[in-house]
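Data block for work-v8.cif (mmCIF, C-alpha atoms):
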data_model
loop_
_atom_site.label_atom_id
_atom_site.label_comp_id
_atom_site.auth_asym_id
_atom_site.auth_seq_id
_atom_site.Cartn_x
_atom_site.Cartn_y
_atom_site.Cartn_z
CA MET G 1 -8.74 109.51 -34.36
CA ILE G 2 -11.40 110.23 -36.96
CA ILE G 3 -15.08 110.08 -36.05
CA THR G 4 -17.75 110.42 -38.71
CA VAL G 5 -21.35 111.17 -37.77
CA SER G 6 -24.01 110.27 -40.31
CA ARG G 7 -27.46 111.22 -39.15
CA GLN G 8 -31.13 111.40 -39.91
CA PHE G 9 -32.39 114.95 -40.15
CA ALA G 10 -33.53 116.30 -36.74
CA SER G 11 -32.13 113.31 -34.84
CA GLY G 12 -29.57 115.38 -32.93
CA GLY G 13 -26.55 114.10 -34.86
CA ARG G 14 -25.01 117.53 -35.18
CA GLU G 15 -25.36 118.22 -31.46
CA LEU G 16 -23.95 114.82 -30.61
CA GLY G 17 -21.01 115.29 -33.00
CA LYS G 18 -20.18 118.76 -31.69
CA ARG G 19 -20.31 117.68 -28.06
CA LEU G 20 -18.22 114.61 -28.81
CA ALA G 21 -15.58 116.78 -30.53
CA ASP G 22 -15.50 119.12 -27.54
CA ALA G 23 -15.24 116.24 -25.04
CA LEU G 24 -12.41 114.59 -26.97
CA GLY G 25 -10.59 117.78 -27.97
CA LEU G 26 -11.03 117.08 -31.68
CA GLN G 27 -11.59 119.47 -34.57
CA TYR G 28 -15.24 119.67 -35.55
CA TYR G 29 -16.36 119.92 -39.17
CA ASP G 30 -19.85 120.45 -40.47
CA ARG G 31 -20.76 123.85 -41.87
CA GLU G 32 -17.04 124.67 -41.66
CA LEU G 33 -16.64 122.60 -44.81
CA ILE G 34 -19.03 124.79 -46.76
CA ALA G 35 -16.80 127.87 -46.73
CA GLU G 36 -13.88 125.75 -47.88
CA ILE G 37 -15.87 124.17 -50.73
CA SER G 38 -17.32 127.52 -51.71
CA LYS G 39 -13.80 128.96 -51.94
CA THR G 40 -12.51 126.04 -54.01
CA THR G 41 -15.38 126.10 -56.48
CA SER G 42 -16.15 129.83 -56.55
CA LEU G 43 -19.82 128.92 -56.02
CA ASN G 44 -21.70 130.84 -53.34
CA GLU G 45 -22.14 129.21 -49.93
CA ASP G 46 -25.94 129.07 -50.11
CA TYR G 47 -25.71 127.12 -53.32
CA VAL G 48 -23.12 124.73 -51.88
CA VAL G 49 -25.36 124.13 -48.84
CA LYS G 50 -28.29 123.43 -51.07
CA VAL G 51 -26.43 120.88 -53.15
CA LEU G 52 -25.02 119.12 -50.11
CA GLU G 53 -28.24 119.07 -48.13
CA ASN G 54 -30.58 117.93 -50.84
CA GLY G 55 -28.17 116.64 -53.40
CA GLY G 56 -29.41 119.07 -55.99
CA PHE G 57 -32.24 116.61 -56.49
CA SER G 58 -35.02 118.61 -54.91
CA ASN G 59 -36.25 122.15 -54.74
CA PHE G 60 -37.57 121.88 -51.23
CA ALA G 61 -37.32 125.10 -49.18
CA PHE G 62 -37.25 124.59 -45.45
CA SER G 63 -35.77 127.13 -43.10
CA PHE G 64 -34.71 124.66 -40.42
CA ALA G 65 -32.48 123.01 -42.99
CA HIS G 66 -30.90 126.38 -43.73
CA SER G 67 -31.46 125.66 -47.35
CA ILE G 68 -32.43 127.89 -50.21
CA PRO G 69 -34.09 126.69 -53.41
CA LEU G 70 -31.64 125.86 -56.17
CA THR G 71 -31.53 128.50 -58.83
CA ALA G 72 -29.36 128.77 -61.89
CA SER G 73 -27.86 125.36 -61.16
CA THR G 74 -26.17 123.39 -63.86
CA PRO G 75 -25.27 119.72 -63.69
CA ASN G 76 -21.62 120.73 -63.80
CA SER G 77 -21.77 122.94 -60.74
CA VAL G 78 -23.33 120.11 -58.72
CA THR G 79 -20.45 117.85 -59.72
CA ASP G 80 -17.96 120.59 -58.88
CA VAL G 81 -19.36 120.82 -55.36
CA LEU G 82 -19.19 117.06 -54.86
CA VAL G 83 -15.61 116.84 -56.12
CA ALA G 84 -14.55 119.77 -53.94
CA GLN G 85 -16.25 118.16 -50.93
CA GLN G 86 -14.33 114.95 -51.47
CA LYS G 87 -10.97 116.75 -51.77
CA THR G 88 -11.64 118.89 -48.71
CA ILE G 89 -12.58 115.91 -46.55
CA LYS G 90 -9.55 113.91 -47.68
CA THR G 91 -7.26 116.78 -46.70
CA ILE G 92 -8.91 116.96 -43.27
CA ALA G 93 -8.71 113.19 -42.80
CA GLU G 94 -5.01 113.20 -43.56
CA LYS G 95 -4.47 115.59 -40.65
CA GLY G 96 -6.65 113.31 -38.44
CA ASP G 97 -8.13 113.98 -34.98
CA CYS G 98 -11.49 115.28 -36.07
CA VAL G 99 -15.24 114.77 -36.02
CA ILE G 100 -16.95 115.21 -39.39
CA VAL G 101 -20.74 115.40 -39.49
CA GLY G 102 -22.48 114.26 -42.66
CA ARG G 103 -20.95 114.99 -46.07
CA CYS G 104 -20.39 111.29 -46.91
CA ALA G 105 -17.35 111.45 -44.62
CA ASP G 106 -17.99 107.86 -43.48
CA VAL G 107 -17.18 106.70 -47.01
CA ILE G 108 -14.56 109.29 -48.00
CA THR G 109 -12.45 108.78 -44.84
CA LEU G 110 -12.62 104.97 -44.96
CA PRO G 111 -8.90 104.52 -45.79
CA TYR G 112 -8.10 106.40 -42.55
CA ASN G 113 -10.00 103.97 -40.28
CA PRO G 114 -12.73 106.21 -38.91
CA VAL G 115 -15.18 105.24 -36.18
CA ARG G 116 -18.44 105.60 -38.08
CA LEU G 117 -21.51 106.63 -36.10
CA PHE G 118 -25.07 106.76 -37.35
CA VAL G 119 -27.55 108.81 -35.33
CA TYR G 120 -31.29 108.29 -35.71
CA ALA G 121 -34.54 108.85 -33.88
CA ASP G 122 -38.26 108.21 -34.10
CA ASP G 123 -40.66 110.69 -35.69
CA LYS G 124 -42.05 111.90 -32.38
CA SER G 125 -38.69 112.97 -31.00
CA LYS G 126 -37.62 114.45 -34.35
CA LEU G 127 -40.74 116.62 -34.41
CA GLN G 128 -40.05 117.76 -30.86
CA ARG G 129 -36.40 118.60 -31.60
CA CYS G 130 -37.42 120.44 -34.74
CA ARG G 131 -40.07 122.55 -33.02
CA GLU G 132 -37.71 123.46 -30.18
CA ARG G 133 -35.21 124.84 -32.69
CA ALA G 134 -37.56 126.41 -35.24
CA PRO G 135 -37.26 130.16 -35.82
CA GLU G 136 -40.15 132.23 -34.48
CA GLY G 137 -43.08 132.34 -36.84
CA GLU G 138 -42.32 129.00 -38.50
CA ASN G 139 -45.60 127.13 -38.35
CA TYR G 140 -45.34 123.90 -40.30
CA THR G 141 -47.80 121.13 -39.48
CA ASP G 142 -46.56 117.75 -38.27
CA LYS G 143 -47.42 116.33 -41.67
CA GLN G 144 -45.36 118.97 -43.47
CA LEU G 145 -42.41 118.44 -41.15
CA LEU G 146 -42.49 114.65 -41.49
CA LYS G 147 -42.57 115.03 -45.26
CA ALA G 148 -39.61 117.40 -45.03
CA PHE G 149 -37.62 114.94 -42.89
CA LYS G 150 -38.19 112.28 -45.53
CA THR G 151 -37.23 114.58 -48.41
CA ILE G 152 -34.02 115.74 -46.75
CA ASP G 153 -32.95 112.25 -45.70
CA LYS G 154 -33.70 111.01 -49.21
CA GLY G 155 -31.35 113.68 -50.57
CA ARG G 156 -28.65 112.64 -48.10
CA ALA G 157 -29.13 108.99 -49.02
CA LYS G 158 -28.84 109.72 -52.73
CA LEU G 159 -25.62 111.69 -52.34
CA HIS G 160 -24.20 109.03 -50.04
CA ASP G 161 -25.09 106.23 -52.40
CA LEU G 162 -23.19 107.94 -55.21
CA LEU G 163 -19.98 107.10 -53.33
CA ALA G 164 -20.85 104.14 -51.13
CA THR G 165 -21.24 100.45 -51.80
CA LEU G 166 -23.72 100.08 -48.92
CA PRO G 167 -26.92 102.12 -48.70
CA TRP G 168 -27.09 105.13 -46.38
CA GLY G 169 -28.25 103.96 -42.95
CA ALA G 170 -27.51 100.24 -43.55
CA ARG G 171 -25.98 99.00 -40.32
CA GLU G 172 -23.08 97.21 -42.02
CA GLY G 173 -21.65 100.61 -43.00
CA TYR G 174 -21.37 101.88 -39.41
CA ASP G 175 -19.55 100.90 -36.24
CA LEU G 176 -22.14 102.22 -33.82
CA MET G 177 -25.75 103.31 -34.37
CA ILE G 178 -27.35 105.47 -31.72
CA ASN G 179 -31.08 106.00 -31.28
CA THR G 180 -31.55 109.40 -29.63
CA SER G 181 -35.34 109.11 -29.23
CA ARG G 182 -35.23 108.51 -25.50
CA LEU G 183 -31.85 110.08 -24.74
CA LYS G 184 -30.69 113.32 -23.23
CA ILE G 185 -27.66 113.79 -25.49
CA PRO G 186 -25.48 115.85 -23.10
CA GLU G 187 -25.73 113.13 -20.47
CA ILE G 188 -24.33 110.34 -22.62
CA ILE G 189 -21.39 112.28 -24.06
CA SER G 190 -18.90 111.31 -21.38
CA PRO G 191 -19.35 107.51 -21.60
CA LEU G 192 -19.88 107.72 -25.37
CA SER G 193 -16.59 109.54 -25.87
CA ASP G 194 -14.82 106.85 -23.80
CA LEU G 195 -16.44 104.14 -25.89
CA VAL G 196 -15.58 105.80 -29.18
CA SER G 197 -11.96 106.32 -28.04
CA GLU G 198 -11.71 102.64 -27.19
CA MET G 199 -13.28 101.66 -30.50
CA SER G 200 -10.84 103.88 -32.34
CA ALA G 201 -7.90 102.36 -30.46
CA THR G 202 -8.86 98.76 -31.14
CA THR G 203 -9.63 99.14 -34.85
CA MET K 1 -32.11 98.21 -15.28
CA ILE K 2 -33.00 95.76 -18.05
CA ILE K 3 -30.66 95.25 -21.00
CA THR K 4 -31.71 93.12 -23.94
CA VAL K 5 -29.14 91.88 -26.43
CA SER K 6 -30.41 90.87 -29.86
CA ARG K 7 -27.67 89.56 -32.07
CA GLN K 8 -26.68 88.10 -35.38
CA PHE K 9 -25.38 84.57 -35.04
CA ALA K 10 -21.58 84.50 -34.45
CA SER K 11 -21.38 88.27 -33.92
CA GLY K 12 -20.27 87.97 -30.29
CA GLY K 13 -23.58 89.12 -28.82
CA ARG K 14 -23.60 86.46 -26.16
CA GLU K 15 -20.04 87.29 -25.05
CA LEU K 16 -20.86 90.98 -25.01
CA GLY K 17 -24.05 90.40 -23.01
CA LYS K 18 -22.34 88.14 -20.46
CA ARG K 19 -19.46 90.55 -19.94
CA LEU K 20 -21.84 93.49 -19.64
CA ALA K 21 -23.86 91.64 -16.99
CA ASP K 22 -20.69 90.87 -15.04
CA ALA K 23 -19.45 94.47 -15.27
CA LEU K 24 -22.79 95.87 -14.11
CA GLY K 25 -23.54 93.19 -11.52
CA LEU K 26 -26.74 92.14 -13.30
CA GLN K 27 -28.32 88.70 -13.63
CA TYR K 28 -27.54 87.11 -17.00
CA TYR K 29 -30.10 85.07 -18.92
CA ASP K 30 -29.56 83.11 -22.09
CA ARG K 31 -29.45 79.31 -21.87
CA GLU K 32 -30.66 79.75 -18.27
CA LEU K 33 -34.10 80.33 -19.74
CA ILE K 34 -34.16 76.95 -21.46
CA ALA K 35 -34.28 74.91 -18.25
CA GLU K 36 -37.11 77.08 -16.98
CA ILE K 37 -39.12 76.72 -20.19
CA SER K 38 -38.42 73.01 -20.35
CA LYS K 39 -39.76 72.63 -16.80
CA THR K 40 -42.89 74.67 -17.52
CA THR K 41 -43.75 72.81 -20.71
CA SER K 42 -42.46 69.33 -19.82
CA LEU K 43 -40.68 69.32 -23.18
CA ASN K 44 -37.05 68.26 -23.19
CA GLU K 45 -34.36 70.95 -23.23
CA ASP K 46 -32.90 69.95 -26.59
CA TYR K 47 -36.28 70.38 -28.17
CA VAL K 48 -36.80 73.78 -26.53
CA VAL K 49 -33.38 74.93 -27.77
CA LYS K 50 -34.23 73.81 -31.25
CA VAL K 51 -37.52 75.67 -31.34
CA LEU K 52 -35.99 78.86 -29.94
CA GLU K 53 -32.90 78.81 -32.14
CA ASN K 54 -34.53 78.06 -35.43
CA GLY K 55 -38.13 78.78 -34.66
CA GLY K 56 -39.14 75.25 -35.51
CA PHE K 57 -39.03 76.36 -39.11
CA SER K 58 -35.94 74.50 -40.17
CA ASN K 59 -34.26 71.18 -39.65
CA PHE K 60 -30.74 72.51 -39.83
CA ALA K 61 -28.21 70.70 -37.66
CA PHE K 62 -25.17 72.70 -36.72
CA SER K 63 -23.10 71.86 -33.69
CA PHE K 64 -21.94 75.41 -33.01
CA ALA K 65 -25.55 76.40 -32.58
CA HIS K 66 -25.97 73.61 -30.04
CA SER K 67 -29.03 72.55 -31.95
CA ILE K 68 -30.47 69.16 -32.66
CA PRO K 69 -32.84 68.39 -35.52
CA LEU K 70 -36.49 68.63 -34.60
CA THR K 71 -38.12 65.29 -34.17
CA ALA K 72 -41.63 64.41 -33.13
CA SER K 73 -42.58 68.06 -33.09
CA THR K 74 -46.17 69.14 -33.28
CA PRO K 75 -47.41 72.64 -34.00
CA ASN K 76 -48.81 72.74 -30.47
CA SER K 77 -45.53 72.05 -28.76
CA VAL K 78 -43.86 74.90 -30.68
CA THR K 79 -46.58 77.24 -29.45
CA ASP K 80 -46.19 75.89 -25.92
CA VAL K 81 -42.50 76.76 -25.97
CA LEU K 82 -43.17 80.27 -27.24
CA VAL K 83 -45.85 80.95 -24.65
CA ALA K 84 -43.65 79.59 -21.86
CA GLN K 85 -40.77 81.76 -23.09
CA GLN K 86 -42.94 84.85 -22.93
CA LYS K 87 -44.14 84.10 -19.40
CA THR K 88 -40.63 83.32 -18.16
CA ILE K 89 -39.18 86.53 -19.56
CA LYS K 90 -42.00 88.65 -18.12
CA THR K 91 -41.36 87.19 -14.68
CA ILE K 92 -37.66 87.99 -15.00
CA ALA K 93 -38.37 91.52 -16.26
CA GLU K 94 -40.62 92.21 -13.29
CA LYS K 95 -37.69 91.49 -10.98
CA GLY K 96 -35.49 93.80 -13.14
CA ASP K 97 -31.68 94.25 -13.08
CA CYS K 98 -30.81 91.73 -15.75
CA VAL K 99 -29.28 91.16 -19.17
CA ILE K 100 -31.31 88.90 -21.46
CA VAL K 101 -29.71 87.65 -24.67
CA GLY K 102 -32.01 86.86 -27.58
CA ARG K 103 -35.40 85.23 -26.97
CA CYS K 104 -37.39 88.24 -28.28
CA ALA K 105 -36.68 89.89 -24.93
CA ASP K 106 -36.41 93.30 -26.65
CA VAL K 107 -40.11 93.05 -27.48
CA ILE K 108 -41.37 91.12 -24.45
CA THR K 109 -39.72 93.47 -21.91
CA LEU K 110 -40.80 96.67 -23.68
CA PRO K 111 -43.24 97.74 -20.92
CA TYR K 112 -40.29 97.68 -18.49
CA ASN K 113 -38.17 100.21 -20.44
CA PRO K 114 -35.20 98.09 -21.44
CA VAL K 115 -32.06 99.37 -23.13
CA ARG K 116 -32.20 97.37 -26.34
CA LEU K 117 -28.87 96.47 -27.96
CA PHE K 118 -28.38 94.84 -31.35
CA VAL K 119 -25.00 93.22 -32.01
CA TYR K 120 -23.86 92.50 -35.55
CA ALA K 121 -20.73 91.87 -37.58
CA ASP K 122 -19.49 91.31 -41.09
CA ASP K 123 -19.13 87.83 -42.58
CA LYS K 124 -15.35 87.78 -42.28
CA SER K 125 -15.33 88.36 -38.54
CA LYS K 126 -18.26 85.98 -38.01
CA LEU K 127 -16.37 83.22 -39.79
CA GLN K 128 -13.30 83.89 -37.67
CA ARG K 129 -15.30 83.87 -34.41
CA CYS K 130 -17.04 80.69 -35.44
CA ARG K 131 -13.84 78.86 -36.32
CA GLU K 132 -12.16 79.89 -33.07
CA ARG K 133 -15.03 78.35 -31.09
CA ALA K 134 -15.76 75.29 -33.23
CA PRO K 135 -15.38 71.88 -31.56
CA GLU K 136 -12.42 69.86 -32.74
CA GLY K 137 -13.14 67.96 -35.94
CA GLU K 138 -15.80 70.35 -37.17
CA ASN K 139 -14.79 71.13 -40.72
CA TYR K 140 -17.43 73.17 -42.43
CA THR K 141 -16.43 75.22 -45.46
CA ASP K 142 -16.86 79.00 -45.45
CA LYS K 143 -19.77 78.57 -47.81
CA GLN K 144 -21.50 76.11 -45.48
CA LEU K 145 -20.96 78.36 -42.48
CA LEU K 146 -22.23 81.48 -44.24
CA LYS K 147 -25.33 79.57 -45.28
CA ALA K 148 -25.78 78.41 -41.68
CA PHE K 149 -25.48 82.00 -40.37
CA LYS K 150 -28.22 83.05 -42.75
CA THR K 151 -30.48 80.13 -41.84
CA ILE K 152 -30.13 80.69 -38.11
CA ASP K 153 -30.65 84.46 -38.33
CA LYS K 154 -33.66 83.86 -40.53
CA GLY K 155 -35.13 81.63 -37.83
CA ARG K 156 -34.47 84.30 -35.19
CA ALA K 157 -36.04 86.96 -37.38
CA LYS K 158 -39.16 84.84 -37.93
CA LEU K 159 -39.66 84.19 -34.23
CA HIS K 160 -39.05 87.85 -33.43
CA ASP K 161 -41.45 89.04 -36.07
CA LEU K 162 -44.21 86.90 -34.56
CA LEU K 163 -44.23 89.29 -31.61
CA ALA K 164 -42.75 92.55 -32.93
CA THR K 165 -44.19 95.36 -35.00
CA LEU K 166 -40.74 96.19 -36.41
CA PRO K 167 -38.61 93.63 -38.27
CA TRP K 168 -35.70 91.95 -36.45
CA GLY K 169 -32.59 94.08 -36.93
CA ALA K 170 -34.44 97.24 -38.01
CA ARG K 171 -32.65 100.10 -36.25
CA GLU K 172 -35.88 101.72 -35.01
CA GLY K 173 -36.40 98.78 -32.67
CA TYR K 174 -33.09 99.23 -30.81
CA ASP K 175 -31.42 101.90 -28.71
CA LEU K 176 -27.85 101.05 -29.66
CA MET K 177 -26.48 98.89 -32.47
CA ILE K 178 -22.91 97.67 -32.16
CA ASN K 179 -20.78 96.38 -35.00
CA THR K 180 -18.23 93.99 -33.50
CA SER K 181 -16.32 93.36 -36.76
CA ARG K 182 -13.34 95.47 -35.80
CA LEU K 183 -13.71 95.34 -32.00
CA LYS K 184 -12.02 93.48 -29.21
CA ILE K 185 -15.14 92.97 -27.11
CA PRO K 186 -13.46 92.78 -23.66
CA GLU K 187 -11.85 96.17 -24.22
CA ILE K 188 -15.06 98.07 -24.82
CA ILE K 189 -17.05 96.61 -21.91
CA SER K 190 -16.07 99.25 -19.37
CA PRO K 191 -17.11 102.33 -21.43
CA LEU K 192 -20.06 100.44 -22.91
CA SER K 193 -21.42 99.56 -19.47
CA ASP K 194 -21.14 103.24 -18.45
CA LEU K 195 -22.97 104.27 -21.60
CA VAL K 196 -25.72 101.70 -21.15
CA SER K 197 -26.15 102.72 -17.49
CA GLU K 198 -26.55 106.34 -18.54
CA MET K 199 -28.98 105.36 -21.30
CA SER K 200 -31.01 103.35 -18.82
CA ALA K 201 -31.09 106.26 -16.37
CA THR K 202 -32.26 108.82 -18.92
CA THR K 203 -34.99 106.71 -20.53
#
Write-out of the structure in structure tokens:
Amino acid sequence: MIITVSRQFASGGRELGKRLADALGLQYYDRELIAEISKTTSLNEDYVVKVLENGGFSNFAFSFAHSIPLTASTPNSVTDVLVAQQKTIKTIAEKGDCVIVGRCADVITLPYNPVRLFVYADDKSKLQRCRERAPEGENYTDKQLLKAFKTIDKGRAKLHDLLATLPWGAREGYDLMINTSRLKIPEIISPLSDLVSEMSATT
Amino acid sequence: MIITVSRQFASGGRELGKRLADALGLQYYDRELIAEISKTTSLNEDYVVKVLENGGFSNFAFSFAHSIPLTASTPNSVTDVLVAQQKTIKTIAEKGDCVIVGRCADVITLPYNPVRLFVYADDKSKLQRCRERAPEGENYTDKQLLKAFKTIDKGRAKLHDLLATLPWGAREGYDLMINTSRLKIPEIISPLSDLVSEMSATT
């Protein structure tokens, strides 16, 4: 069983993916991929994160995204990261039984019949989630945060659309799309994991 | 608990909604609304169906859609049907514990905190579903059917967008979007009904 979790920034996709992996006893991959890609490419982890979060397209610094402005990047090193990401995810998909959050895994694992989730939320609940998790002393305004959400999701969409035939977030590219705006994520994990198991079995 | 099921034509939304209602012991409304609206407006049922399937915007005849070309329509009678639909659905929503398929119920029931599903599928599976259910002797080509799907969904979208602030099918307007292309609907009903119950409880 392979589950991919694409998600809007601050929608709770990472939390949902991690809890789903725990409930189903599956390997969980998100930041775990960074170390692997960093090793393969000999580029430092911060740089790899930056490329994969914002696609190397933007210089936006935003602590909640754990990202650091791109410095000394070359077009080649961006490509290296993307190629290494693809190889790493294929290797993981071949082993199976995993949840992969982000990283274009919905497209890269397609030959292995993943259940593809897309997690999204409205601005109000994204702001709330973001503020709850912000490091002390981080004082962005709502306007700044909403702009950041857009910038980060735009980066994700661009990277995704390099590999995909359907645009990032277009429903046709996913098996199940979950709006977390009104949800308490921990409380839906049990029925959601049953549903995803069933979906995986019947596909 | 109120569940609304918006759906692309031939995606299995009606089947999914009916099975969900049965599993959860909820009242099911789809064609049941037609008789009610017909009574309220003194317009015949075939005419009401036609308005609500195609929004009175098209003259498309298509037996699988159970629709009959509009005749002797006036702008007023279209409005009458829409107003009667809205009243009927509000009355049902006040009683609660129901599944309503289509009919802009996602928008009309919003004050009653529904769980809003959107059911969709790819063209290949819609064609297959349509052919399996077609009356004997119905011999449309794939091209004709695909055009019909588009026409009918366009009618639904137009009617929906009369009442909604978000376009029909836009993910922000739904709590859960289900792609039935690779699913056997009966097999996911049990976990799906648990998930929807939990979603209804936490919203």
Residue neighbourhood stretch 19-33 of chain G, 10 Å, all atoms listed in the file, exclusion window fewer than 3 positions, as a ChimeraX atom specification: /G:1-5,13-16,36-39,45,48-49,84-85,88-89,92,96-103,185-186,188-190,192-194,196-197
Matched chain/residue IDs from the PyMOL selection byres ((chain G) within 12 of (chain K)), as a ChimeraX atom specification: /G:8,113-123,169-203
Output of the above residues as a compact mmCIF listing (two decimals), in the coordinates of the input, restricted to C-alpha atoms:
# COMPACT_ATOMS: atom_id res chain seq x y z
CA GLN G 8 -31.13 111.40 -39.91
CA ASN G 113 -10.00 103.97 -40.28
CA PRO G 114 -12.73 106.21 -38.91
CA VAL G 115 -15.18 105.24 -36.18
CA ARG G 116 -18.44 105.60 -38.08
CA LEU G 117 -21.51 106.63 -36.10
CA PHE G 118 -25.07 106.76 -37.35
CA VAL G 119 -27.55 108.81 -35.33
CA TYR G 120 -31.29 108.29 -35.71
CA ALA G 121 -34.54 108.85 -33.88
CA ASP G 122 -38.26 108.21 -34.10
CA ASP G 123 -40.66 110.69 -35.69
CA GLY G 169 -28.25 103.96 -42.95
CA ALA G 170 -27.51 100.24 -43.55
CA ARG G 171 -25.98 99.00 -40.32
CA GLU G 172 -23.08 97.21 -42.02
CA GLY G 173 -21.65 100.61 -43.00
CA TYR G 174 -21.37 101.88 -39.41
CA ASP G 175 -19.55 100.90 -36.24
CA LEU G 176 -22.14 102.22 -33.82
CA MET G 177 -25.75 103.31 -34.37
CA ILE G 178 -27.35 105.47 -31.72
CA ASN G 179 -31.08 106.00 -31.28
CA THR G 180 -31.55 109.40 -29.63
CA SER G 181 -35.34 109.11 -29.23
CA ARG G 182 -35.23 108.51 -25.50
CA LEU G 183 -31.85 110.08 -24.74
CA LYS G 184 -30.69 113.32 -23.23
CA ILE G 185 -27.66 113.79 -25.49
CA PRO G 186 -25.48 115.85 -23.10
CA GLU G 187 -25.73 113.13 -20.47
CA ILE G 188 -24.33 110.34 -22.62
CA ILE G 189 -21.39 112.28 -24.06
CA SER G 190 -18.90 111.31 -21.38
CA PRO G 191 -19.35 107.51 -21.60
CA LEU G 192 -19.88 107.72 -25.37
CA SER G 193 -16.59 109.54 -25.87
CA ASP G 194 -14.82 106.85 -23.80
CA LEU G 195 -16.44 104.14 -25.89
CA VAL G 196 -15.58 105.80 -29.18
CA SER G 197 -11.96 106.32 -28.04
CA GLU G 198 -11.71 102.64 -27.19
CA MET G 199 -13.28 101.66 -30.50
CA SER G 200 -10.84 103.88 -32.34
CA ALA G 201 -7.90 102.36 -30.46
CA THR G 202 -8.86 98.76 -31.14
CA THR G 203 -9.63 99.14 -34.85
Test item: residues at most 12 Å from G:Leu127, all atoms listed in the file, excluding those fewer than 3 positions along its chain, as a list of chain:residue names: G:Phe9, G:Ala10, G:Ser11, G:Gly12, G:Phe64, G:Ala121, G:Asp122, G:Asp123, G:Lys124, G:Cys130, G:Arg131, G:Glu132, G:Arg133, G:Ala134, G:Tyr140, G:Thr141, G:Asp142, G:Lys143, G:Gln144, G:Leu145, G:Leu146, G:Lys147, G:Ala148, G:Phe149, G:Ser181
Residues returned when the PyMOL selection byres ((chain K and resi 154) around 10) runs on this file, as a ChimeraX atom specification: /K:8-9,53-55,57-58,148-153,155-160,168
Point-to-point distance from atom CA of K:Ala105 to atom CA of K:Pro135, Å rounded to tenths: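 About the pair atom CA of K:Ala105 and atom CA of K:Pro135: they are 28.7 Å apart.
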Two-atom distance - atom CA of G:Leu52, atom CA of G:Gln86 (Å):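 A separation of 11.6 Å between them.
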